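S.K.: Have a look at this one before I ask anything.
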Amino acid sequence: MTYYLINRDIVFDNASGKIAHVHQKNTQQLKSNEWKLLHLFVANPGIDISVDQILNSVWDGKRAKSSVATSVKNLRKLLGDSADTPRFIQTQVMKGYALIADVTQLDEKQLKSTLQKHRSTQAKAFQWCGKHRGSLSLYTLNIVCAVSLFISISSMFQHGIFDSWLPTRSAPTEWQPMVIKGTLGQDALNYTACDSLLSDARTSNRLKHIEVSAITPTQRLPSLTWADTNKKVLLCHLSPTDHLYSADHLSSTK
């Protein structure tokens, strides 16, 4: 008996017309035309075979040339091949076809040794997976959890949940006027108190959360508010008086 190992993947039994993948036990029986066609290819690997040669070899020249294209298409399907990205049969423009696969001729003893070696490696792989099934499951679970955690943290970061925990990002400074409402007796104290409030709000990322109110609070503790909903001017309330002092040199970042 003569066997052919094609691309180290498919075994072709020329005596019975059967093919089988080396990692599978089941075989496929080729029809007469595909059987003869594959035998012609494996007997002439890498050689261009014309359509007329195929017609004469397979059908004794008694069929139309379209039969060749049909049989080649069927054989490619059985081999798991593609005309666009061929691994076995390649169409040679204006010439015919050629078997571009690696072909090794084996006797029965060599075939058994090849199959045993391949299936032994495959069996060892399955055995190892079965033996370490618990560890593999744990590793897989850890990977899934890590990916899920990464996605969750990324989503939270994008929604600004960690903004208050992170240092203020560097950004171009936009100057905003501030008006001081009330007095502490000296302008320097006014500036110092308001600047402290502004610095604290900026470093703790609370500037955007300051309420909008032009009315001075009743309490005597210094506080900041926005003058209106446009949030263009800050008001620094020192004490409930009507005296206003301009302090345009104070600034903040949005």
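Each chain of the structure tokens is named A, B, ... in the order shown, its residues numbered from 1; ligands are numbered from 1 in display order.
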Which residues are close to region 25-32 of chain A, i.e. within 12 Å by only C-alpha atoms, leaving aside same-chain residues fewer than 6 positions away? Reply as a list of chain:residue names.

M.R.: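 Everything that qualifies: A:Ile10, A:Val11, A:Phe12, A:Asp13, A:Asn14, A:Ala15, A:Ser16, A:Gly17, A:Lys18, A:Ile19, A:Leu38, A:His39, A:Val58, A:Trp59, A:Ser71, A:Asn74, A:Leu75, A:Arg76, A:Lys77, A:Leu78, A:Leu79, A:Leu115, A:Gln116, A:His118, A:Arg119.
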
S.K.: Could you write out, as number ranges by chain, all the residues of region 1-209 of chain A that DSSP marks as strand (DSSP E)?

M.R.: A: 3-6, 10-13, 18-21, 28-29, 89-92, 96-99, 103-106, 178-181

S.K.: Would you mind writing down, as a short mmCIF file (atom, residue, chain, number, x, y, z; two decimals) with C-alpha atoms, in the first residue's frame, each residue of region 17-72 of chain A that DSSP on the backbone assigns to helix (DSSP H, G or I)?

M.R.:
data_model
loop_
_atom_site.label_atom_id
_atom_site.label_comp_id
_atom_site.auth_asym_id
_atom_site.auth_seq_id
_atom_site.Cartn_x
_atom_site.Cartn_y
_atom_site.Cartn_z
CA SER A 32 -13.70 8.34 -8.50
CA ASN A 33 -12.89 11.62 -10.27
CA GLU A 34 -11.43 13.35 -7.19
CA TRP A 35 -9.51 10.17 -6.31
CA LYS A 36 -7.83 10.04 -9.73
CA LEU A 37 -7.24 13.77 -9.71
CA LEU A 38 -5.54 13.77 -6.30
CA HIS A 39 -3.38 10.81 -7.34
CA LEU A 40 -2.29 12.77 -10.42
CA PHE A 41 -1.36 15.74 -8.24
CA VAL A 42 0.58 13.82 -5.55
CA ALA A 43 2.46 11.92 -8.25
CA VAL A 51 -6.36 20.97 -18.35
CA ASP A 52 -5.86 18.63 -21.34
CA GLN A 53 -3.51 16.43 -19.32
CA ILE A 54 -6.07 16.19 -16.53
CA LEU A 55 -8.84 15.35 -19.01
CA ASN A 56 -6.77 12.57 -20.54
CA SER A 57 -5.62 11.16 -17.20
CA VAL A 58 -8.95 11.25 -15.35
CA TRP A 59 -11.56 10.87 -18.13
CA SER A 66 -15.59 22.31 -17.43
CA SER A 67 -15.42 18.93 -15.67
CA VAL A 68 -11.84 19.71 -14.65
CA ALA A 69 -12.80 22.97 -12.93
CA THR A 70 -15.68 21.23 -11.12
CA SER A 71 -13.50 18.37 -9.86
CA VAL A 72 -10.73 20.71 -8.74
#
